[in-house]
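Structure file target_22.cif with mmCIF, C-alpha atoms:
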data_upload
loop_
_atom_site.label_atom_id
_atom_site.label_comp_id
_atom_site.auth_asym_id
_atom_site.auth_seq_id
_atom_site.Cartn_x
_atom_site.Cartn_y
_atom_site.Cartn_z
CA MET A 1 -3.47 -27.32 4.62
CA ALA A 2 -5.56 -24.20 3.96
CA MET A 3 -6.79 -24.02 7.57
CA ILE A 4 -3.25 -24.45 8.91
CA PHE A 5 -2.03 -21.60 6.72
CA SER A 6 -4.88 -19.35 7.81
CA ASN A 7 -4.42 -20.13 11.51
CA THR A 8 -0.69 -19.46 11.25
CA LEU A 9 -1.36 -16.01 9.84
CA TYR A 10 -3.91 -15.36 12.55
CA SER A 11 -1.74 -16.42 15.49
CA SER A 12 1.33 -14.55 14.25
CA SER A 13 -0.48 -11.25 13.77
CA PRO A 14 1.36 -8.37 15.52
CA PHE A 15 -1.99 -6.94 16.67
CA LEU A 16 -2.96 -9.79 18.97
CA SER A 17 -0.18 -11.07 21.17
CA PRO A 18 0.49 -8.01 23.40
CA LEU A 19 -3.20 -7.34 23.99
CA THR A 20 -4.38 -10.84 24.79
CA SER A 21 -1.48 -11.36 27.17
CA THR A 22 -2.19 -8.25 29.28
CA ARG A 23 -6.01 -8.12 29.47
CA THR A 24 -8.33 -10.63 31.03
CA LYS A 25 -11.36 -8.99 29.39
CA PRO A 26 -10.88 -7.69 25.85
CA SER A 27 -11.68 -4.01 25.48
CA ARG A 28 -13.71 -2.56 22.63
CA PHE A 29 -10.41 -1.38 21.15
CA SER A 30 -8.86 -4.84 21.35
CA LYS A 31 -11.95 -6.37 19.74
CA LYS A 32 -11.59 -3.90 16.88
CA LEU A 33 -7.95 -4.84 16.45
CA LYS A 34 -8.84 -8.52 16.55
CA THR A 35 -11.43 -8.00 13.83
CA GLN A 36 -8.86 -6.12 11.76
CA ALA A 37 -6.39 -8.96 12.23
CA GLN A 38 -8.96 -11.55 11.16
CA PHE A 39 -9.86 -9.49 8.10
CA GLN A 40 -6.17 -9.06 7.22
CA SER A 41 -5.69 -12.81 7.64
CA MET A 42 -8.54 -13.50 5.23
CA GLU A 43 -7.14 -11.02 2.71
CA ASP A 44 -3.66 -12.54 2.98
CA HIS A 45 -5.10 -16.02 2.54
CA ASP A 46 -7.09 -14.90 -0.50
CA ASP A 47 -3.94 -13.32 -1.98
CA HIS A 48 -2.08 -16.58 -1.41
CA LEU A 49 -4.75 -18.61 -3.22
CA HIS A 50 -4.85 -16.12 -6.09
CA ARG A 51 -1.07 -16.28 -6.43
CA LYS A 52 -1.29 -20.08 -6.37
CA PHE A 53 -3.72 -19.97 -9.27
CA MET A 54 -1.65 -17.44 -11.21
CA GLU A 55 1.48 -19.60 -10.91
CA PHE A 56 0.20 -21.91 -13.68
CA PRO A 57 2.78 -24.53 -12.64
CA TYR A 58 3.78 -27.62 -14.63
CA VAL A 59 3.81 -25.70 -17.93
CA SER A 60 6.58 -23.89 -19.80
CA ALA A 61 7.59 -20.33 -18.97
CA THR A 62 6.19 -19.04 -22.26
CA ARG A 63 2.82 -20.65 -21.73
CA ARG A 64 2.71 -19.52 -18.09
CA GLN A 65 3.42 -15.92 -19.07
CA LEU A 66 0.70 -16.03 -21.74
CA MET A 67 -1.92 -17.24 -19.27
CA VAL A 68 -0.84 -14.68 -16.66
CA ASP A 69 -1.01 -11.88 -19.25
CA LEU A 70 -4.49 -12.93 -20.41
CA MET A 71 -5.91 -13.36 -16.90
CA SER A 72 -4.36 -10.10 -15.70
CA THR A 73 -5.84 -8.26 -18.68
CA VAL A 74 -9.31 -9.67 -17.97
CA GLU A 75 -9.20 -8.84 -14.26
CA ASP A 76 -7.65 -5.41 -14.73
CA ARG A 77 -10.12 -4.33 -17.43
CA LEU A 78 -13.20 -5.79 -15.72
CA ASP A 79 -12.22 -5.31 -12.07
CA SER A 80 -14.95 -2.78 -11.29
CA LEU A 81 -17.53 -5.16 -12.79
CA LEU A 82 -16.41 -8.23 -10.84
CA LEU A 83 -16.93 -9.46 -7.28
CA PRO A 84 -14.11 -11.13 -5.32
CA CYS A 85 -13.67 -14.88 -5.62
CA THR A 86 -15.74 -16.59 -2.90
CA LEU A 87 -14.88 -20.23 -3.57
CA PRO A 88 -13.85 -22.27 -0.52
CA PRO A 89 -10.08 -22.88 -0.22
CA ASP A 90 -10.50 -26.62 -0.88
CA VAL A 91 -12.15 -25.78 -4.20
CA ARG A 92 -9.72 -23.07 -5.24
CA ASN A 93 -6.84 -25.53 -4.98
CA PHE A 94 -7.24 -29.30 -4.70
CA LYS A 95 -5.50 -32.63 -5.27
CA ASN A 96 -6.48 -36.26 -5.50
CA PRO A 97 -5.64 -38.57 -2.55
CA ASN A 98 -2.42 -39.95 -4.04
CA GLY A 99 -1.16 -36.61 -5.34
CA SER A 100 -1.06 -37.59 -9.00
CA ALA A 101 -3.50 -34.83 -9.97
CA GLU A 102 -3.70 -31.21 -8.84
CA ALA A 103 -5.80 -28.27 -9.95
CA SER A 104 -6.57 -24.65 -9.18
CA LEU A 105 -9.85 -22.86 -9.83
CA HIS A 106 -10.63 -19.15 -9.82
CA ILE A 107 -14.17 -17.82 -10.35
CA ARG A 108 -15.31 -14.21 -10.03
CA SER A 109 -18.99 -13.40 -10.50
CA GLY A 110 -20.09 -10.14 -12.06
CA GLU A 111 -21.74 -7.26 -10.28
CA LYS A 112 -25.52 -7.27 -10.67
CA SER A 113 -25.47 -4.14 -12.82
CA SER A 114 -22.74 -5.44 -15.15
CA PRO A 115 -23.06 -7.55 -18.32
CA ILE A 116 -20.58 -10.07 -16.88
CA ASP A 117 -22.04 -13.26 -15.44
CA PHE A 118 -18.72 -14.68 -14.29
CA VAL A 119 -15.08 -15.17 -15.24
CA ILE A 120 -13.46 -18.55 -14.65
CA GLY A 121 -9.83 -19.57 -14.88
CA SER A 122 -8.25 -22.92 -14.12
CA TRP A 123 -5.24 -25.14 -14.47
CA ILE A 124 -5.17 -28.92 -14.19
CA HIS A 125 -2.17 -31.21 -13.93
CA CYS A 126 -2.67 -34.96 -14.06
CA LYS A 127 -0.21 -37.83 -14.33
CA ILE A 128 -1.80 -40.55 -16.45
CA PRO A 129 -0.94 -44.20 -15.59
CA THR A 130 0.88 -44.54 -18.93
CA GLY A 131 3.43 -42.03 -17.64
CA VAL A 132 2.13 -39.08 -19.66
CA SER A 133 1.35 -35.79 -17.91
CA LEU A 134 -1.74 -33.88 -18.98
CA ASN A 135 -1.68 -30.12 -18.46
CA ILE A 136 -4.74 -27.97 -19.17
CA THR A 137 -4.89 -24.19 -18.72
CA SER A 138 -8.03 -22.24 -19.51
CA ILE A 139 -9.75 -18.88 -19.13
CA SER A 140 -13.39 -18.21 -19.98
CA ALA A 141 -15.66 -15.21 -19.56
CA PHE A 142 -19.44 -15.58 -19.65
CA LEU A 143 -21.94 -12.79 -20.19
CA ASN A 144 -25.44 -12.60 -18.75
CA SER A 145 -28.75 -12.09 -20.53
CA SER A 146 -28.51 -8.31 -20.42
CA THR A 147 -26.43 -8.58 -23.61
CA LYS A 148 -26.43 -10.89 -26.60
CA ALA A 149 -22.66 -10.60 -27.21
CA PRO A 150 -20.55 -13.78 -27.44
CA ASN A 151 -18.53 -15.25 -24.59
CA PHE A 152 -14.74 -15.69 -24.56
CA VAL A 153 -12.69 -18.86 -24.17
CA VAL A 154 -9.05 -19.82 -24.48
CA GLU A 155 -7.86 -23.30 -23.56
CA LEU A 156 -4.54 -25.08 -24.04
CA ILE A 157 -4.44 -28.86 -23.62
CA GLN A 158 -1.00 -30.46 -23.65
CA SER A 159 -0.19 -34.15 -23.31
CA SER A 160 3.49 -33.90 -24.25
CA PRO A 161 6.12 -31.15 -24.67
CA THR A 162 5.76 -31.46 -28.44
CA SER A 163 1.98 -31.69 -28.87
CA LEU A 164 -0.72 -29.19 -27.89
CA VAL A 165 -4.38 -28.50 -28.66
CA LEU A 166 -5.51 -24.86 -28.77
CA ILE A 167 -9.11 -23.68 -28.47
CA LEU A 168 -9.57 -19.93 -28.94
CA ASP A 169 -12.98 -18.47 -29.68
CA LEU A 170 -15.84 -16.11 -28.98
CA PRO A 171 -18.61 -18.76 -28.73
CA HIS A 172 -21.86 -17.48 -30.16
CA ARG A 173 -25.05 -17.13 -28.09
CA LYS A 174 -27.48 -16.65 -30.96
CA ASP A 175 -28.32 -18.87 -33.92
CA LEU A 176 -26.10 -17.59 -36.73
CA VAL A 177 -28.53 -18.65 -39.46
CA LEU A 178 -31.54 -16.99 -37.86
CA TYR A 179 -29.57 -13.86 -36.93
CA PRO A 180 -27.21 -13.00 -39.83
CA ASP A 181 -26.66 -9.51 -38.37
CA TYR A 182 -25.14 -11.20 -35.31
CA LEU A 183 -22.73 -13.10 -37.57
CA LYS A 184 -21.75 -9.90 -39.33
CA GLU A 185 -21.36 -7.77 -36.20
CA PHE A 186 -19.30 -10.12 -34.09
CA TYR A 187 -17.46 -12.30 -36.62
CA GLN A 188 -17.27 -10.72 -40.07
CA ASP A 189 -16.79 -7.08 -39.06
CA THR A 190 -14.14 -8.07 -36.49
CA ALA A 191 -12.24 -10.30 -38.95
CA LEU A 192 -11.99 -13.00 -36.30
CA ASP A 193 -11.36 -15.69 -38.89
CA SER A 194 -8.05 -14.06 -39.81
CA TYR A 195 -6.43 -15.30 -36.59
CA ARG A 196 -7.36 -18.91 -37.32
CA GLN A 197 -6.19 -18.58 -40.93
CA SER A 198 -2.90 -17.05 -39.85
CA LEU A 199 -2.15 -19.87 -37.41
CA LEU A 200 -3.03 -22.49 -40.01
CA LYS A 201 -0.31 -21.15 -42.30
CA LEU A 202 2.27 -22.64 -39.95
CA PRO A 203 3.32 -26.13 -41.10
CA GLU A 204 3.16 -27.43 -37.51
CA VAL A 205 -0.49 -26.42 -37.10
CA LYS A 206 -3.45 -28.48 -38.27
CA PRO A 207 -7.21 -28.27 -37.60
CA TYR A 208 -8.35 -30.12 -34.51
CA VAL A 209 -11.62 -32.02 -34.67
CA SER A 210 -13.15 -32.74 -31.27
CA PRO A 211 -14.69 -36.21 -30.89
CA SER A 212 -17.64 -34.51 -29.16
CA LEU A 213 -20.43 -33.32 -31.46
CA PHE A 214 -21.64 -31.05 -28.67
CA VAL A 215 -18.26 -29.31 -28.47
CA ARG A 216 -18.17 -28.84 -32.24
CA SER A 217 -21.64 -27.29 -32.22
CA ALA A 218 -20.85 -24.91 -29.34
CA PHE A 219 -18.07 -22.96 -31.02
CA SER A 220 -18.28 -20.32 -33.74
CA PRO A 221 -17.28 -20.77 -37.40
CA THR A 222 -14.19 -18.64 -36.69
CA ALA A 223 -12.97 -20.74 -33.75
CA SER A 224 -9.29 -21.62 -33.66
CA MET A 225 -9.56 -25.31 -32.77
CA LEU A 226 -6.05 -26.37 -33.69
CA LYS A 227 -3.50 -29.13 -33.08
CA ILE A 228 0.15 -28.11 -32.85
CA ASP A 229 2.78 -30.84 -33.32
CA VAL A 230 6.49 -30.07 -33.31
CA GLU A 231 9.70 -32.07 -33.27
CA GLU A 232 11.46 -30.03 -30.60
CA GLU A 233 10.22 -28.25 -27.47
CA GLU A 234 11.96 -25.04 -28.51
CA LYS A 235 9.75 -24.86 -31.60
CA MET A 236 6.62 -25.14 -29.45
CA GLU A 237 7.86 -22.25 -27.32
CA GLU A 238 8.47 -20.18 -30.45
CA ILE A 239 4.96 -20.84 -31.80
CA LEU A 240 3.37 -20.02 -28.44
CA ARG A 241 5.40 -16.82 -28.08
CA ASP A 242 5.28 -15.48 -31.65
CA HIS A 243 1.94 -16.75 -32.94
CA VAL A 244 -0.50 -18.19 -30.38
CA GLY A 245 0.16 -15.48 -27.78
CA PRO A 246 -0.44 -12.50 -30.10
CA ALA A 247 -3.56 -14.16 -31.58
CA ALA A 248 -5.03 -14.90 -28.14
CA LYS A 249 -4.41 -11.35 -26.95
CA GLU A 250 -5.99 -9.89 -30.09
CA VAL A 251 -9.09 -12.07 -29.79
CA LEU A 252 -9.41 -11.15 -26.10
CA GLY A 253 -9.06 -7.50 -27.10
CA VAL A 254 -11.91 -7.87 -29.58
CA TRP A 255 -14.09 -9.43 -26.90
CA LEU A 256 -13.32 -6.75 -24.30
CA GLU A 257 -13.90 -3.94 -26.80
CA ARG A 258 -17.19 -5.43 -28.03
CA CYS A 259 -18.40 -6.15 -24.51
CA GLU A 260 -17.71 -2.60 -23.36
CA ARG A 261 -19.15 -1.08 -26.54
CA GLU A 262 -22.42 -2.90 -25.93
CA GLU A 263 -22.48 -1.18 -22.54
CA GLU A 264 -21.53 2.27 -23.81
CA ASP A 265 -23.73 2.41 -26.89
CA GLY A 266 -26.86 1.24 -25.11
CA LYS A 267 -27.06 -1.92 -27.21
CA ARG A 268 -27.71 -4.00 -24.11
CA VAL A 269 -31.40 -3.05 -24.07
CA ILE A 270 -33.09 -6.25 -25.23
CA GLY A 271 -36.64 -7.51 -24.94
CA GLU A 272 -37.89 -9.88 -22.28
CA GLU A 273 -38.47 -12.69 -24.77
CA GLU A 274 -34.91 -12.46 -26.07
CA ARG A 275 -33.59 -12.33 -22.50
CA MET A 276 -35.46 -15.52 -21.63
CA GLU A 277 -34.11 -17.18 -24.75
CA LEU A 278 -30.55 -16.23 -23.81
CA ASP A 279 -31.02 -17.45 -20.24
CA LYS A 280 -32.36 -20.78 -21.45
CA ARG A 281 -29.54 -21.26 -23.95
CA ASP A 282 -26.80 -20.23 -21.51
CA LYS A 283 -27.98 -22.60 -18.78
CA SER A 284 -28.43 -25.45 -21.24
CA PHE A 285 -24.90 -24.93 -22.57
CA ARG A 286 -23.34 -24.79 -19.11
CA LYS A 287 -25.22 -27.82 -17.84
CA LYS A 288 -24.30 -29.88 -20.88
CA SER A 289 -20.67 -28.74 -20.66
CA ILE A 290 -20.44 -30.05 -17.10
CA GLU A 291 -22.12 -33.33 -18.02
CA GLU A 292 -19.85 -33.87 -21.03
CA ASP A 293 -16.63 -32.89 -19.30
CA LEU A 294 -16.42 -32.54 -15.52
CA ASP A 295 -18.96 -35.20 -14.52
CA LEU A 296 -17.05 -37.74 -16.59
CA GLN A 297 -13.42 -36.73 -16.12
CA PHE A 298 -13.12 -35.28 -12.61
CA PRO A 299 -14.01 -38.49 -10.69
CA ARG A 300 -11.32 -40.33 -12.67
CA MET A 301 -8.69 -37.71 -11.93
CA PHE A 302 -9.55 -36.59 -8.39
CA GLY A 303 -11.76 -39.29 -6.86
CA GLN A 304 -15.42 -39.08 -6.00
CA GLU A 305 -15.18 -37.03 -2.78
CA VAL A 306 -13.01 -34.24 -4.18
CA SER A 307 -14.84 -34.27 -7.50
CA SER A 308 -18.26 -33.94 -5.88
CA ARG A 309 -17.16 -30.97 -3.80
CA VAL A 310 -15.56 -29.10 -6.71
CA VAL A 311 -18.23 -29.84 -9.32
CA HIS A 312 -20.95 -28.76 -6.87
CA ALA A 313 -19.21 -25.39 -6.43
CA ILE A 314 -18.85 -24.99 -10.19
CA LYS A 315 -22.52 -25.82 -10.77
CA GLU A 316 -23.47 -23.25 -8.15
CA ALA A 317 -21.34 -20.59 -9.86
CA PHE A 318 -22.78 -21.58 -13.25
CA GLY A 319 -26.32 -21.29 -11.90
CA VAL A 320 -27.24 -24.87 -12.86
CA LEU A 321 -27.73 -26.56 -9.49
#

Please go through the file and, once you have read it, give me the structure as structure tokens.
Amino acid sequence: MAMIFSNTLYSSSPFLSPLTSTRTKPSRFSKKLKTQAQFQSMEDHDDHLHRKFMEFPYVSATRRQLMVDLMSTVEDRLDSLLLPCTLPPDVRNFKNPNGSAEASLHIRSGEKSSPIDFVIGSWIHCKIPTGVSLNITSISAFLNSSTKAPNFVVELIQSSPTSLVLILDLPHRKDLVLYPDYLKEFYQDTALDSYRQSLLKLPEVKPYVSPSLFVRSAFSPTASMLKIDVEEEEKMEEILRDHVGPAAKEVLGVWLERCEREEEDGKRVIGEEERMELDKRDKSFRKKSIEEDLDLQFPRMFGQEVSSRVVHAIKEAFGVL
């Protein structure tokens, strides 16, 4: 499908048809126009795939708008620090053979001189044999070892219109017991726990306890790991619009401000030993995350062929091949 779309753009380009029909040997000028047409085709195709990702289909309008707002904020604020997405088309959007599962993936690596390692966004839609539809939307931003600041993650996992799991956090990258100043700087001074406490005041919101010990250990003490259960869909929309949305945007704002402050204040200068420690921890976390999640779930949802292709690309982007 992706190649058909690209070839259609290429063949319909206004630059090509009059020139190729009147010259037996392309001139230097026609070659230049052909190159421009190919480049425009690639840009148009990339725009199409980005729009496909930003559609966040299969979810409610409120949830879609929240994810679009968060992703747009990340890309707009960090645009000069990020490279274009270079994933193959069949990794940026993919389905399983019978069409019961579809997903979109968007990864942008950071410039070498930036503190950003990569930003990843995704949505997954899967029809489970029991008749339930699973919809997952997520955005994460990972920093490299030039800074010790936490990462950012927001994920919404919904198995019915009236039940949703929210994960919203700045996952720590240093041991909070060994480095109490880290705890103070990024969690106490920013009052991150106030967002979790505010959401828990709603009667429909309860703490969510992941069955994975690894997942529980990876998030900070201020993480909003919450289960939202409502009686009517309209109430879920209200909670997403009036409570989850504002909290997610505030937490993202804290992360963006702290990330940029590290850059501006010169706090990114860290020793080689600490850099190696961060590298080791980051790679261990990413590798384990893939093993605990994608390696187990993707083959079930998308089949072995599709899963192998997508997971390989993710491992490459994560630097854990």

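If you look at CA of Arg92 (chain A) and CA of Phe53 (chain A), they are 7.9 Å away from each other.
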
Expected selection from the PyMOL selection byres ((chain A and resi 51) around 12), given as a PDB file with C-alpha atoms, in the frame of the given file:
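Once written, result26.pdb looks like this:
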ATOM      1  CA  ASP A  44      -3.660 -12.540   2.980  1.00  0.00           C
ATOM      2  CA  HIS A  45      -5.100 -16.020   2.540  1.00  0.00           C
ATOM      3  CA  ASP A  46      -7.090 -14.900  -0.500  1.00  0.00           C
ATOM      4  CA  ASP A  47      -3.940 -13.320  -1.980  1.00  0.00           C
ATOM      5  CA  HIS A  48      -2.080 -16.580  -1.410  1.00  0.00           C
ATOM      6  CA  LEU A  49      -4.750 -18.610  -3.220  1.00  0.00           C
ATOM      7  CA  HIS A  50      -4.850 -16.120  -6.090  1.00  0.00           C
ATOM      8  CA  LYS A  52      -1.290 -20.080  -6.370  1.00  0.00           C
ATOM      9  CA  PHE A  53      -3.720 -19.970  -9.270  1.00  0.00           C
ATOM     10  CA  MET A  54      -1.650 -17.440 -11.210  1.00  0.00           C
ATOM     11  CA  GLU A  55       1.480 -19.600 -10.910  1.00  0.00           C
ATOM     12  CA  PHE A  56       0.200 -21.910 -13.680  1.00  0.00           C
ATOM     13  CA  PRO A  57       2.780 -24.530 -12.640  1.00  0.00           C
ATOM     14  CA  VAL A  68      -0.840 -14.680 -16.660  1.00  0.00           C
ATOM     15  CA  MET A  71      -5.910 -13.360 -16.900  1.00  0.00           C
ATOM     16  CA  SER A  72      -4.360 -10.100 -15.700  1.00  0.00           C
ATOM     17  CA  ARG A  92      -9.720 -23.070  -5.240  1.00  0.00           C
ATOM     18  CA  ASN A  93      -6.840 -25.530  -4.980  1.00  0.00           C
ATOM     19  CA  SER A 104      -6.570 -24.650  -9.180  1.00  0.00           C
ATOM     20  CA  LEU A 105      -9.850 -22.860  -9.830  1.00  0.00           C
ATOM     21  CA  HIS A 106     -10.630 -19.150  -9.820  1.00  0.00           C
TER      22      HIS A 106
END

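When the distance limit is 7 Å and all atoms listed in the file are what count, the residues near Thr222 (chain A), minus those fewer than 6 positions from it on the same chain, are Leu192, Asp193 and Arg196 of chain A.
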
What lies within 8 Å of Leu252 (chain A) using all atoms listed in the file, ignoring chain neighbours under 3 positions off, as a PDB file with C-alpha atoms, keeping the file's coordinate frame?
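The result, stored in around-v9.pdb:
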ATOM      1  CA  LEU A  70      -4.490 -12.930 -20.410  1.00  0.00           C
ATOM      2  CA  PHE A 152     -14.740 -15.690 -24.560  1.00  0.00           C
ATOM      3  CA  ALA A 248      -5.030 -14.900 -28.140  1.00  0.00           C
ATOM      4  CA  LYS A 249      -4.410 -11.350 -26.950  1.00  0.00           C
ATOM      5  CA  TRP A 255     -14.090  -9.430 -26.900  1.00  0.00           C
ATOM      6  CA  LEU A 256     -13.320  -6.750 -24.300  1.00  0.00           C
TER       7      LEU A 256
END

Identify, on the basis of only C-alpha atoms, every residue whose closest approach to Ser198 (chain A) does not exceed 12 Å; exclude the query and any residue fewer than 5 positions from it along the same chain; express the result as an mmCIF file with C-alpha atoms, in the frame of the given file.
data_model
loop_
_atom_site.group_PDB
_atom_site.id
_atom_site.type_symbol
_atom_site.label_atom_id
_atom_site.label_comp_id
_atom_site.auth_asym_id
_atom_site.auth_seq_id
_atom_site.Cartn_x
_atom_site.Cartn_y
_atom_site.Cartn_z
ATOM 1 C CA ALA A 191 -12.240 -10.300 -38.950
ATOM 2 C CA LEU A 192 -11.990 -13.000 -36.300
ATOM 3 C CA ASP A 193 -11.360 -15.690 -38.890
ATOM 4 C CA PRO A 203 3.320 -26.130 -41.100
ATOM 5 C CA VAL A 205 -0.490 -26.420 -37.100
ATOM 6 C CA LYS A 206 -3.450 -28.480 -38.270
ATOM 7 C CA THR A 222 -14.190 -18.640 -36.690
ATOM 8 C CA SER A 224 -9.290 -21.620 -33.660
ATOM 9 C CA LEU A 226 -6.050 -26.370 -33.690
ATOM 10 C CA ILE A 239 4.960 -20.840 -31.800
ATOM 11 C CA ASP A 242 5.280 -15.480 -31.650
ATOM 12 C CA HIS A 243 1.940 -16.750 -32.940
ATOM 13 C CA VAL A 244 -0.500 -18.190 -30.380
ATOM 14 C CA PRO A 246 -0.440 -12.500 -30.100
ATOM 15 C CA ALA A 247 -3.560 -14.160 -31.580
#

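Using only C-alpha atoms, the shortest contact distance between Phe219 (chain A) and any of A:Asp175, A:Asp189, A:Glu102, A:Glu238 is found at A:Asp175.
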
Take the PyMOL selection byres ((chain A and resi 310-318) around 12), run it mentally on this structure, and tell me the resulting residues as a PyMOL selection string. chain A and resi 85-96+103-110+117-122+141-144+279+282-291+293-299+302-309+319-321

Any idea what the distance is between CA of Leu170 (chain A) and CA of Ala61 (chain A)? 25.8 Å

Around all the atoms of region 122-126 of chain A listed in the file, with 6 Å of room on each side, what axis-aligned box do you get, giving centre and edge lengths in Å to one decimal, as lines of an AutoDock Vina configuration file?
center_x = -5.2
center_y = -28.9
center_z = -14.2
size_x = 18.1
size_y = 24.0
size_z = 12.5

Contacts of Thr190 (chain A) within 12 Å, all atoms listed in the file, excl. fewer than 3 positions in-chain, as a PDB file with C-alpha atoms, keeping the file's coordinate frame:
ATOM      1  CA  LEU A 170     -15.840 -16.110 -28.980  1.00  0.00           C
ATOM      2  CA  TYR A 182     -25.140 -11.200 -35.310  1.00  0.00           C
ATOM      3  CA  LEU A 183     -22.730 -13.100 -37.570  1.00  0.00           C
ATOM      4  CA  LYS A 184     -21.750  -9.900 -39.330  1.00  0.00           C
ATOM      5  CA  GLU A 185     -21.360  -7.770 -36.200  1.00  0.00           C
ATOM      6  CA  PHE A 186     -19.300 -10.120 -34.090  1.00  0.00           C
ATOM      7  CA  TYR A 187     -17.460 -12.300 -36.620  1.00  0.00           C
ATOM      8  CA  ASP A 193     -11.360 -15.690 -38.890  1.00  0.00           C
ATOM      9  CA  SER A 194      -8.050 -14.060 -39.810  1.00  0.00           C
ATOM     10  CA  TYR A 195      -6.430 -15.300 -36.590  1.00  0.00           C
ATOM     11  CA  THR A 222     -14.190 -18.640 -36.690  1.00  0.00           C
ATOM     12  CA  GLU A 250      -5.990  -9.890 -30.090  1.00  0.00           C
ATOM     13  CA  VAL A 251      -9.090 -12.070 -29.790  1.00  0.00           C
ATOM     14  CA  LEU A 252      -9.410 -11.150 -26.100  1.00  0.00           C
ATOM     15  CA  GLY A 253      -9.060  -7.500 -27.100  1.00  0.00           C
ATOM     16  CA  VAL A 254     -11.910  -7.870 -29.580  1.00  0.00           C
ATOM     17  CA  TRP A 255     -14.090  -9.430 -26.900  1.00  0.00           C
ATOM     18  CA  GLU A 257     -13.900  -3.940 -26.800  1.00  0.00           C
ATOM     19  CA  ARG A 258     -17.190  -5.430 -28.030  1.00  0.00           C
TER      20      ARG A 258
END

At a cut-off of 10 Å around the point (-22.6, -5.1, -6.2) (file coordinates), what residues fall inside when counting only C-alpha atoms? I'd like the answer as a PyMOL selection string. chain A and resi 80-83+110-114

Neighbour residues at most 6 Å from (-12.1, -20.8, -27.7) (only C-alpha atoms) as a PyMOL selection string: chain A and resi 153-154+167-169

Atoms to include: C-alpha atoms. Write the selected residues as a PDB file, keeping the file's coordinate frame.
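Okay, out_24.pdb is ready:
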ATOM      1  CA  VAL A 153     -12.690 -18.860 -24.170  1.00  0.00           C
ATOM      2  CA  VAL A 154      -9.050 -19.820 -24.480  1.00  0.00           C
ATOM      3  CA  ILE A 167      -9.110 -23.680 -28.470  1.00  0.00           C
ATOM      4  CA  LEU A 168      -9.570 -19.930 -28.940  1.00  0.00           C
ATOM      5  CA  ASP A 169     -12.980 -18.470 -29.680  1.00  0.00           C
TER       6      ASP A 169
END
